[in-house]
$ cat start.cif   # mmCIF, C-alpha atoms
data_query
loop_
_atom_site.label_atom_id
_atom_site.label_comp_id
_atom_site.auth_asym_id
_atom_site.auth_seq_id
_atom_site.Cartn_x
_atom_site.Cartn_y
_atom_site.Cartn_z
CA MET A 700 165.09 103.50 53.40
CA ALA A 701 162.37 102.05 51.24
CA GLU A 702 158.88 103.26 52.03
CA THR A 703 156.64 100.59 53.49
CA THR A 704 153.06 100.52 52.32
CA MET A 705 150.43 98.72 54.38
CA PHE A 706 147.50 97.15 52.68
CA THR A 707 144.21 96.27 54.31
CA LYS A 708 142.33 93.41 52.77
CA ALA A 709 138.73 94.30 51.99
CA HIS A 710 136.04 91.98 53.32
CA THR A 711 132.48 91.75 52.16
CA LEU A 712 129.61 89.79 53.63
CA PRO A 713 128.33 86.91 51.52
CA ARG A 714 124.92 87.35 49.98
CA ASN A 715 122.22 85.91 52.20
CA GLU A 716 120.18 83.84 49.82
CA SER A 717 118.12 81.74 52.21
CA ALA A 718 116.88 78.43 50.93
CA THR A 719 113.14 78.33 50.44
CA LEU A 720 110.55 75.59 50.73
CA LYS A 721 110.38 75.58 46.93
CA ASP A 722 114.11 74.85 46.75
CA VAL A 723 113.71 71.85 49.07
CA ALA A 724 110.79 70.47 47.08
CA LYS A 725 112.64 70.87 43.77
CA SER A 726 115.77 69.14 45.05
CA VAL A 727 113.78 66.09 46.13
CA GLY A 728 111.36 66.08 43.21
CA VAL A 729 108.17 66.53 45.25
CA SER A 730 105.50 69.20 45.39
CA GLU A 731 105.94 72.27 47.57
CA SER A 732 102.79 71.35 49.49
CA LEU A 733 104.20 67.92 50.33
CA ALA A 734 107.46 69.48 51.54
CA SER A 735 105.40 71.83 53.72
CA VAL A 736 103.56 68.87 55.26
CA VAL A 737 106.91 67.37 56.31
CA LEU A 738 108.77 70.49 57.41
CA ASN A 739 106.08 72.87 58.63
CA GLY A 740 103.42 70.51 59.90
CA SER A 741 100.90 71.72 57.31
CA ARG A 742 97.54 70.04 57.57
CA SER A 743 96.78 68.12 54.44
CA GLY A 744 95.24 64.86 53.27
CA THR A 745 98.52 64.06 51.55
CA ARG A 746 100.09 60.84 52.83
CA VAL A 747 103.88 60.86 53.06
CA SER A 748 105.93 57.68 53.22
CA ALA A 749 108.72 57.36 55.77
CA ALA A 750 111.30 57.22 52.98
CA THR A 751 110.03 60.42 51.33
CA ARG A 752 109.83 62.19 54.69
CA ALA A 753 113.45 61.27 55.39
CA ARG A 754 114.56 62.52 51.95
CA VAL A 755 112.79 65.87 52.45
CA ILE A 756 114.31 66.39 55.91
CA GLU A 757 117.77 65.45 54.64
CA ALA A 758 117.45 67.84 51.68
CA ALA A 759 116.36 70.68 53.96
CA GLU A 760 119.42 70.15 56.13
CA MET A 761 121.75 69.90 53.13
CA ILE A 762 120.67 73.17 51.50
CA GLY A 763 120.17 75.09 54.77
CA TYR A 764 116.40 75.53 54.84
CA ARG A 765 115.19 77.10 58.06
CA GLN A 766 111.55 77.46 58.98
CA SER A 767 110.70 81.08 59.74
CA THR A 768 109.38 82.13 63.12
CA VAL A 769 106.16 83.40 61.59
CA THR A 770 105.59 80.17 59.65
CA ARG A 771 106.27 78.06 62.72
CA SER A 772 103.88 80.14 64.82
CA LEU A 773 101.10 79.71 62.26
CA PHE A 774 101.20 75.95 62.69
CA THR A 775 102.21 75.52 66.33
CA GLY A 776 100.65 78.66 67.80
CA LYS A 777 103.98 79.51 69.45
CA ALA A 778 107.15 81.31 68.42
CA ASN A 779 109.20 79.85 71.31
CA ARG A 780 110.45 83.35 71.96
CA LEU A 781 109.92 85.75 74.86
CA GLY A 782 110.24 89.51 74.72
CA LEU A 783 111.92 91.65 77.36
CA TYR A 784 111.12 95.35 77.39
CA SER A 785 112.98 97.69 79.72
CA GLY A 786 112.36 101.40 79.71
CA PHE A 787 115.44 102.13 81.79
CA MET A 788 117.21 99.00 83.11
CA LEU A 789 119.73 98.89 80.30
CA ASP A 790 120.52 102.59 80.29
CA HIS A 791 123.51 101.37 82.33
CA PRO A 792 124.00 97.77 81.11
CA GLY A 793 127.12 97.33 83.24
CA SER A 794 125.30 98.08 86.50
CA PRO A 795 124.97 95.24 89.04
CA PHE A 796 121.18 95.48 88.80
CA ALA A 797 121.14 94.97 85.02
CA THR A 798 123.82 92.26 85.21
CA GLU A 799 121.93 90.25 87.82
CA MET A 800 118.61 90.64 86.03
CA MET A 801 120.00 89.57 82.66
CA ALA A 802 121.69 86.53 84.23
CA GLY A 803 118.31 85.46 85.61
CA PHE A 804 116.53 86.03 82.31
CA TYR A 805 119.06 83.99 80.35
CA LYS A 806 118.96 81.17 82.89
CA GLY A 807 115.17 81.07 82.73
CA ALA A 808 115.09 81.17 78.94
CA ARG A 809 117.62 78.38 78.69
CA ALA A 810 115.76 76.22 81.21
CA ASN A 811 112.50 76.68 79.30
CA ASN A 812 114.12 76.21 75.88
CA VAL A 813 112.99 79.58 74.52
CA ASP A 814 114.77 82.54 72.96
CA LEU A 815 114.85 86.00 74.54
CA LEU A 816 114.39 89.15 72.47
CA VAL A 817 115.52 92.31 74.31
CA HIS A 818 114.13 95.81 73.68
CA THR A 819 115.08 98.87 75.68
CA PHE A 820 113.93 102.35 74.66
CA GLY A 821 114.08 104.77 77.54
CA ASP A 822 112.62 107.74 75.67
CA GLY A 823 109.63 105.83 74.31
CA SER A 824 110.45 106.93 70.75
CA SER A 825 110.41 103.36 69.48
CA ALA A 826 107.09 102.35 70.99
CA CYS A 827 105.77 101.65 67.50
CA ARG A 828 108.50 99.05 66.99
CA VAL A 829 107.51 97.33 70.21
CA SER A 830 103.90 97.49 69.05
CA ASP A 831 104.86 95.59 65.89
CA LEU A 832 106.69 93.05 68.03
CA LEU A 833 103.56 92.45 70.09
CA ARG A 834 101.20 92.14 67.14
CA ASN A 835 103.03 90.02 64.57
CA GLN A 836 103.35 86.78 66.57
CA SER A 837 107.10 87.30 67.03
CA ILE A 838 106.87 86.58 70.75
CA ASP A 839 104.70 84.38 72.96
CA GLY A 840 104.84 86.67 75.97
CA LEU A 841 106.48 89.80 77.36
CA ILE A 842 108.49 90.63 80.49
CA LEU A 843 108.02 94.28 81.35
CA HIS A 844 110.32 96.58 83.33
CA ALA A 845 108.95 100.09 83.08
CA MET A 846 107.95 103.29 84.82
CA ALA A 847 104.27 104.05 85.39
CA LYS A 848 104.09 106.51 82.45
CA ASP A 849 105.96 104.40 79.90
CA PRO A 850 104.14 104.63 76.51
CA VAL A 851 104.47 100.89 76.00
CA LEU A 852 101.88 100.26 78.71
CA ALA A 853 99.13 101.66 76.47
CA LEU A 854 99.94 99.02 73.84
CA LEU A 855 99.52 95.98 76.06
CA GLY A 856 95.72 95.91 75.99
CA GLU A 857 95.70 95.61 72.20
CA ALA A 858 98.44 92.99 72.10
CA ARG A 859 96.53 90.31 74.02
CA ILE A 860 99.63 88.35 74.94
CA PRO A 861 100.72 87.25 78.43
CA VAL A 862 102.74 89.88 80.32
CA ILE A 863 104.71 89.73 83.57
CA ALA A 864 106.05 92.91 85.21
CA ILE A 865 109.27 92.87 87.22
CA ALA A 866 110.84 94.96 90.01
CA ASP A 867 107.94 97.45 90.12
CA GLN A 868 104.39 96.28 90.68
CA PHE A 869 101.55 97.09 88.28
CA ASP A 870 98.06 96.48 89.65
CA GLN A 871 96.70 95.24 86.33
CA ILE A 872 99.68 93.01 85.46
CA PRO A 873 101.05 89.98 87.37
CA SER A 874 104.26 91.26 88.95
CA VAL A 875 107.43 89.76 90.43
CA CYS A 876 109.25 92.00 92.93
CA SER A 877 111.50 91.86 95.94
CA ASP A 878 109.62 92.13 99.23
CA ASP A 879 109.93 95.92 99.31
CA ARG A 880 107.84 96.44 102.41
CA ALA A 881 109.68 93.82 104.43
CA GLY A 882 113.00 95.33 103.33
CA GLY A 883 112.03 98.87 104.31
CA ALA A 884 110.83 97.74 107.74
CA MET A 885 113.99 95.67 108.20
CA ALA A 886 116.20 98.71 107.53
CA ALA A 887 114.31 100.84 110.10
CA ARG A 888 114.52 98.15 112.75
CA TYR A 889 118.25 97.64 112.18
CA LEU A 890 119.05 101.36 112.50
CA TYR A 891 116.94 101.67 115.66
CA GLU A 892 118.59 98.63 117.25
CA SER A 893 122.00 100.12 116.32
CA GLY A 894 121.19 103.16 118.46
CA HIS A 895 119.99 105.67 115.87
CA ARG A 896 117.01 107.88 116.76
CA HIS A 897 116.83 110.30 113.82
CA VAL A 898 117.19 109.33 110.14
CA VAL A 899 117.15 111.16 106.80
CA THR A 900 115.28 109.21 104.10
CA SER A 901 115.97 109.71 100.41
CA ILE A 902 113.48 110.49 97.66
CA ALA A 903 112.38 107.53 95.52
CA HIS A 904 111.57 107.64 91.81
CA THR A 905 109.79 104.29 91.42
CA ARG A 906 106.83 102.54 92.99
CA SER A 907 109.12 99.93 94.55
CA GLY A 908 111.25 102.67 96.10
CA ASN A 909 108.19 104.38 97.52
CA GLU A 910 107.00 101.08 98.99
CA ARG A 911 110.35 100.67 100.75
CA LEU A 912 110.26 104.20 102.14
CA ALA A 913 106.62 103.85 103.25
CA ALA A 914 107.37 100.64 105.15
CA PHE A 915 110.48 102.23 106.66
CA SER A 916 108.41 105.20 107.86
CA GLU A 917 105.70 102.97 109.36
CA MET A 918 108.22 100.90 111.29
CA ALA A 919 110.10 104.04 112.37
CA GLN A 920 106.91 105.53 113.75
CA ASN A 921 106.18 102.35 115.70
CA LEU A 922 109.69 102.38 117.17
CA GLY A 923 109.82 106.11 117.90
CA LEU A 924 112.50 106.73 115.28
CA ALA A 925 112.31 110.31 113.93
CA ILE A 926 112.46 110.86 110.15
CA THR A 927 113.44 113.85 108.02
CA PRO A 928 112.54 113.30 104.33
CA SER A 929 115.37 114.42 102.04
CA GLU A 930 114.98 117.62 100.07
CA GLY A 931 117.53 116.43 97.54
CA TRP A 932 116.80 115.35 94.00
CA GLY A 933 118.54 112.72 91.95
CA PHE A 934 121.42 110.94 93.64
CA LEU A 935 122.63 113.44 96.23
CA LEU A 936 121.57 115.05 99.49
CA SER A 937 120.54 118.71 99.52
CA PRO A 938 122.35 121.44 101.53
CA HIS A 939 119.42 121.30 103.98
CA ASP A 940 119.91 117.54 104.40
CA ILE A 941 123.59 118.08 105.20
CA LYS A 942 122.64 120.64 107.87
CA VAL A 943 120.28 118.11 109.46
CA LEU A 944 123.15 115.60 109.55
CA THR A 945 125.73 118.00 111.01
CA ARG A 946 123.88 120.41 113.31
CA GLU A 947 124.52 120.42 117.06
CA SER A 948 121.02 119.59 118.34
CA ASP A 949 118.54 116.97 117.11
CA ARG A 950 121.06 115.77 114.56
CA ALA A 951 120.16 112.91 112.21
CA THR A 952 122.79 110.19 112.46
CA ALA A 953 121.81 107.94 109.55
CA VAL A 954 120.48 107.95 105.99
CA PHE A 955 118.22 105.31 104.46
CA VAL A 956 118.45 105.26 100.67
CA TRP A 957 115.95 103.38 98.50
CA ASN A 958 118.59 101.84 96.23
CA ASP A 959 122.30 101.05 96.36
CA GLU A 960 123.34 103.19 93.41
CA ASN A 961 122.04 106.31 95.16
CA ALA A 962 123.42 105.13 98.50
CA ILE A 963 126.95 104.81 97.14
CA ALA A 964 126.73 108.28 95.57
CA ILE A 965 125.60 109.71 98.93
CA CYS A 966 128.45 107.96 100.74
CA GLU A 967 130.93 109.54 98.33
CA GLN A 968 129.25 112.93 98.84
CA LEU A 969 129.55 112.67 102.63
CA VAL A 970 133.21 111.59 102.47
CA ALA A 971 134.00 114.51 100.16
CA LEU A 972 132.48 116.83 102.79
CA GLY A 973 134.72 115.36 105.47
CA ILE A 974 131.89 113.48 107.22
CA ASP A 975 133.00 110.14 108.63
CA ILE A 976 130.98 107.03 107.71
CA PRO A 977 129.66 105.42 109.88
CA GLU A 978 130.99 107.26 112.96
CA GLN A 979 129.18 110.52 112.18
CA VAL A 980 126.58 109.35 109.69
CA ALA A 981 125.53 105.77 108.90
CA VAL A 982 124.21 104.89 105.44
CA ILE A 983 122.05 101.89 104.53
CA GLY A 984 120.87 101.08 101.01
CA TYR A 985 118.64 98.57 99.24
CA ASP A 986 119.59 96.05 96.51
CA GLY A 987 122.46 94.00 97.86
CA TYR A 988 125.23 95.01 95.47
CA ASP A 989 128.58 93.52 96.42
CA ILE A 990 130.72 96.57 95.59
CA VAL A 991 133.78 97.91 97.39
CA PHE A 992 134.17 101.66 96.92
CA GLY A 993 136.10 104.55 98.41
CA HIS A 994 138.63 103.45 101.03
CA LYS A 995 137.57 99.82 101.41
CA MET A 996 133.97 100.77 102.07
CA ARG A 997 131.28 98.15 101.62
CA LEU A 998 127.66 99.22 101.78
CA THR A 999 125.30 97.95 104.46
CA THR A 1000 122.18 97.15 102.48
CA ILE A 1001 119.01 95.12 102.13
CA GLN A 1002 119.81 92.16 99.88
CA ALA A 1003 117.29 91.51 97.10
CA SER A 1004 118.02 88.61 94.75
CA TRP A 1005 117.35 90.25 91.40
CA ARG A 1006 118.63 87.18 89.56
CA ASN A 1007 115.91 85.09 91.20
CA VAL A 1008 113.31 87.79 90.49
CA ALA A 1009 114.15 87.58 86.78
CA LEU A 1010 114.18 83.78 86.79
CA GLU A 1011 110.82 83.61 88.52
CA ALA A 1012 109.39 86.11 86.03
CA VAL A 1013 110.36 83.83 83.13
CA ASN A 1014 108.86 80.78 84.82
CA LEU A 1015 105.59 82.56 85.60
CA LEU A 1016 105.37 83.92 82.07
CA MET A 1017 105.74 80.38 80.69
CA SER A 1018 102.89 79.32 83.00
CA LEU A 1019 100.70 82.11 81.62
CA ILE A 1020 101.55 81.09 78.06
CA ASP A 1021 100.47 77.53 78.91
CA GLY A 1022 97.12 78.84 80.17
CA LYS A 1023 97.81 78.47 83.89
CA SER A 1024 96.92 81.04 86.53
CA VAL A 1025 99.64 82.93 88.41
CA PRO A 1026 99.59 85.20 91.50
CA THR A 1027 98.90 88.89 91.04
CA LEU A 1028 102.00 89.69 93.09
CA THR A 1029 105.00 87.49 93.80
CA SER A 1030 107.37 89.00 96.39
CA LEU A 1031 110.72 87.28 96.88
CA PRO A 1032 112.34 87.45 100.34
CA VAL A 1033 115.09 89.91 101.29
CA HIS A 1034 117.67 89.95 104.09
CA LEU A 1035 120.07 92.34 105.78
CA LYS A 1036 123.57 92.39 104.29
CA LEU A 1037 126.07 93.97 106.66
CA GLY A 1038 128.88 96.17 105.37
CA ASN A 1039 130.82 98.90 107.14
CA THR A 1040 128.63 101.93 106.36
CA ALA A 1041 126.02 101.31 109.09
#

$ encode --input "start.cif" --output "structure tokens"
Amino acid sequence: MAETTMFTKAHTLPRNESATLKDVAKSVGVSESLASVVLNGSRSGTRVSAATRARVIEAAEMIGYRQSTVTRSLFTGKANRLGLYSGFMLDHPGSPFATEMMAGFYKGARANNVDLLVHTFGDGSSACRVSDLLRNQSIDGLILHAMAKDPVLALLGEARIPVIAIADQFDQIPSVCSDDRAGGAMAARYLYESGHRHVVTSIAHTRSGNERLAAFSEMAQNLGLAITPSEGWGFLLSPHDIKVLTRESDRATAVFVWNDENAIAICEQLVALGIDIPEQVAVIGYDGYDIVFGHKMRLTTIQASWRNVALEAVNLLMSLIDGKSVPTLTSLPVHLKLGNTA
């Protein structure tokens, strides 16, 4: 049998020799300054006839001249581009939270006819690159999703561009969030009305999570609903928490978790321990993810429309860019989404 040899065709990228303003001017037979008046809006006393203007524009299209972002911003004052910085959202880009947020950002950018430039550096090692982005007129404004100690926050004062924070509130930055306090209180009221009198509450790692837990605790106190704060860390309950949920006397019968990702992990933990959900322990989360997990389990949760949060953030940022005032805090409404875990 003859040996068969497979060949792979080599491919190389074509050289990127961008057409320049000088190329356009030469092709039409006009000065470079005149071509700049037509294509870049340069201020000049030079008068340009309609016929010459048409020839310059046609030549630019024919040879592929594209005005750079920096050049455009020098003459218009705008780059028509927004920046999005996330310190941790896109660590898991396939998560429902990231998916919903990005859908809202893209919808807002498209509606406002602007581009969106995404940066996500969870370890802060590329803060200098974001600093360059803020200082070189590459963006007109920034949407910020960050933890309180993110190094990018220190750069914002020097940048002097409009900024909108999302999901977690920053006192010094206009912020768009879900109504965290209303959601926390709603969860407490629902568990109380469902017959629960003792609840374990998870540990939060963000300001928004702490707002939800604080509102839950306040409502629980008003209703006479006992609370045991979790001693766990990360996604799971601690051995002490499990004892509180399984002991004979004064047993907690429910868990309130500040976000759905943690809530689902806790549900899986309880099932693995042989604890029936919701007969023995009810679990309620916060986000509104529409995810079926385990044996046809669907989380009972507080629904926050993250897509609308992102969309509203883009719209408010465009208002800031246009010199309009915006609220310090915009809280979008939430509602109870029933599943079969509580």

$ closest_residue --input "start.cif" --among "A:Arg880, A:Arg997, A:His1034, A:Arg752" --to "Val736 (chain A)" --atoms "all atoms listed in the file"
A:Arg752

$ closest_residue --input "start.cif" --among "A:Phe934, A:Trp1005, A:Tyr889, A:Tyr805" --to "Leu1035 (chain A)" --atoms "all atoms listed in the file"
A:Tyr889

$ residues_around --input "start.cif" --residues "Thr952 (chain A)" --least-positions-apart "6" --cutoff "12 Å" --atoms "only C-alpha atoms" --output "number ranges by chain"
A: 890-891, 893-900, 924-927, 940-946, 974-983, 1040-1041

$ residues_around --input "start.cif" --residues "region 903-906 of chain A" --least-positions-apart "2" --cutoff "8 Å" --atoms "all atoms listed in the file" --output "PyMOL selection string"
chain A and resi 846+867-868+901+908-910+912+957

$ closest_residue --input "start.cif" --among "A:Leu781, A:Ile965, A:Met885, A:Met801" --to "Val813 (chain A)" --atoms "only C-alpha atoms"
A:Leu781

$ resolve_selection --input "start.cif" --expression "the PyMOL selection byres ((chain A and resi 762) around 10)" --output "ChimeraX atom specification"
/A:717-719,722-723,726,757-761,763-765

$ closest_residue --input "start.cif" --among "A:Ala1012, A:Ala847, A:Ala886, A:Val954" --to "Thr1000 (chain A)" --atoms "all atoms listed in the file"
A:Ala886

$ residues_around --input "start.cif" --residues "Ala1003 (chain A)" --least-positions-apart "3" --cutoff "9 Å" --atoms "all atoms listed in the file" --output "count of residues only"
15

$ closest_residue --input "start.cif" --among "A:Ser929, A:Asn961, A:Ser785, A:Ser874" --to "Val851 (chain A)" --atoms "only C-alpha atoms"
A:Ser785

$ residues_around --input "start.cif" --residues "Val817 (chain A)" --least-positions-apart "4" --cutoff "7 Å" --atoms "all atoms listed in the file" --output "VMD selection string"
chain A and resid 782 to 784

$ closest_residue --input "start.cif" --among "A:Ala887, A:Val737, A:Leu1028, A:Ile902" --to "Asn921 (chain A)" --atoms "all atoms listed in the file"
A:Ala887

$ resolve_selection --input "start.cif" --expression "the PyMOL selection byres ((chain A and resi 842) around 12)" --output "MDAnalysis selection string"
chainID A and resid 780:786 800:801 804 807:808 815:819 833 838:841 843:845 851:852 855 860:867 872:875 1008:1017 1019

$ build_atoms --input "start.cif" --residues "region 752-763 of chain A" --atoms "all heavy atoms" --output "mmCIF file, in the coordinates of the input"
data_model
loop_
_atom_site.group_PDB
_atom_site.id
_atom_site.type_symbol
_atom_site.label_atom_id
_atom_site.label_comp_id
_atom_site.auth_asym_id
_atom_site.auth_seq_id
_atom_site.Cartn_x
_atom_site.Cartn_y
_atom_site.Cartn_z
ATOM 1 N N ARG A 752 109.662 61.243 53.579
ATOM 2 C CA ARG A 752 109.830 62.190 54.690
ATOM 3 C C ARG A 752 111.312 62.342 55.032
ATOM 4 O O ARG A 752 111.804 63.466 55.238
ATOM 5 C CB ARG A 752 109.051 61.690 55.909
ATOM 6 C CG ARG A 752 109.111 62.628 57.123
ATOM 7 C CD ARG A 752 108.265 62.060 58.257
ATOM 8 N NE ARG A 752 106.867 61.967 57.882
ATOM 9 C CZ ARG A 752 106.008 62.969 57.983
ATOM 10 N NH1 ARG A 752 106.411 64.158 58.434
ATOM 11 N NH2 ARG A 752 104.751 62.814 57.632
ATOM 12 N N ALA A 753 112.026 61.225 55.063
ATOM 13 C CA ALA A 753 113.450 61.270 55.390
ATOM 14 C C ALA A 753 114.233 62.031 54.329
ATOM 15 O O ALA A 753 115.152 62.800 54.646
ATOM 16 C CB ALA A 753 113.992 59.842 55.530
ATOM 17 N N ARG A 754 113.871 61.829 53.044
ATOM 18 C CA ARG A 754 114.560 62.520 51.950
ATOM 19 C C ARG A 754 114.334 64.027 52.031
ATOM 20 O O ARG A 754 115.247 64.824 51.812
ATOM 21 C CB ARG A 754 114.061 61.982 50.606
ATOM 22 C CG ARG A 754 114.579 60.586 50.256
ATOM 23 C CD ARG A 754 113.853 60.015 49.059
ATOM 24 N NE ARG A 754 113.884 60.925 47.931
ATOM 25 C CZ ARG A 754 112.884 61.065 47.058
ATOM 26 N NH1 ARG A 754 111.777 60.374 47.208
ATOM 27 N NH2 ARG A 754 113.005 61.902 46.050
ATOM 28 N N VAL A 755 113.105 64.439 52.347
ATOM 29 C CA VAL A 755 112.790 65.870 52.450
ATOM 30 C C VAL A 755 113.575 66.497 53.595
ATOM 31 O O VAL A 755 114.161 67.585 53.451
ATOM 32 C CB VAL A 755 111.270 66.074 52.645
ATOM 33 C CG1 VAL A 755 110.963 67.528 52.979
ATOM 34 C CG2 VAL A 755 110.507 65.645 51.387
ATOM 35 N N ILE A 756 113.593 65.854 54.748
ATOM 36 C CA ILE A 756 114.310 66.390 55.910
ATOM 37 C C ILE A 756 115.808 66.493 55.624
ATOM 38 O O ILE A 756 116.457 67.487 55.953
ATOM 39 C CB ILE A 756 114.056 65.508 57.148
ATOM 40 C CG1 ILE A 756 112.580 65.613 57.560
ATOM 41 C CG2 ILE A 756 114.980 65.907 58.308
ATOM 42 C CD1 ILE A 756 112.176 64.665 58.667
ATOM 43 N N GLU A 757 116.345 65.436 54.969
ATOM 44 C CA GLU A 757 117.770 65.450 54.640
ATOM 45 C C GLU A 757 118.095 66.576 53.662
ATOM 46 O O GLU A 757 119.110 67.280 53.799
ATOM 47 C CB GLU A 757 118.181 64.102 54.040
ATOM 48 C CG GLU A 757 119.668 64.017 53.721
ATOM 49 C CD GLU A 757 120.045 62.669 53.124
ATOM 50 O OE1 GLU A 757 119.131 61.839 52.868
ATOM 51 O OE2 GLU A 757 121.249 62.451 52.901
ATOM 52 N N ALA A 758 117.231 66.771 52.668
ATOM 53 C CA ALA A 758 117.450 67.840 51.680
ATOM 54 C C ALA A 758 117.406 69.203 52.350
ATOM 55 O O ALA A 758 118.204 70.095 52.030
ATOM 56 C CB ALA A 758 116.399 67.738 50.576
ATOM 57 N N ALA A 759 116.469 69.398 53.262
ATOM 58 C CA ALA A 759 116.360 70.680 53.960
ATOM 59 C C ALA A 759 117.630 70.987 54.734
ATOM 60 O O ALA A 759 118.114 72.120 54.747
ATOM 61 C CB ALA A 759 115.151 70.647 54.902
ATOM 62 N N GLU A 760 118.181 69.955 55.374
ATOM 63 C CA GLU A 760 119.420 70.150 56.130
ATOM 64 C C GLU A 760 120.598 70.442 55.206
ATOM 65 O O GLU A 760 121.455 71.283 55.505
ATOM 66 C CB GLU A 760 119.708 68.921 56.982
ATOM 67 C CG GLU A 760 118.698 68.700 58.107
ATOM 68 C CD GLU A 760 118.953 67.416 58.868
ATOM 69 O OE1 GLU A 760 119.792 66.609 58.396
ATOM 70 O OE2 GLU A 760 118.319 67.212 59.911
ATOM 71 N N MET A 761 120.634 69.750 54.067
ATOM 72 C CA MET A 761 121.750 69.900 53.130
ATOM 73 C C MET A 761 121.796 71.304 52.535
ATOM 74 O O MET A 761 122.878 71.890 52.383
ATOM 75 C CB MET A 761 121.646 68.857 52.019
ATOM 76 C CG MET A 761 121.935 67.440 52.484
ATOM 77 S SD MET A 761 123.681 67.204 52.912
ATOM 78 C CE MET A 761 124.447 67.385 51.306
ATOM 79 N N ILE A 762 120.647 71.857 52.176
ATOM 80 C CA ILE A 762 120.670 73.170 51.500
ATOM 81 C C ILE A 762 120.436 74.329 52.461
ATOM 82 O O ILE A 762 120.396 75.483 52.059
ATOM 83 C CB ILE A 762 119.642 73.216 50.354
ATOM 84 C CG1 ILE A 762 118.201 73.155 50.906
ATOM 85 C CG2 ILE A 762 119.880 72.096 49.361
ATOM 86 C CD1 ILE A 762 117.148 73.324 49.805
ATOM 87 N N GLY A 763 120.255 74.036 53.767
ATOM 88 C CA GLY A 763 120.170 75.090 54.770
ATOM 89 C C GLY A 763 118.812 75.739 54.908
ATOM 90 O O GLY A 763 118.717 76.912 55.264
#
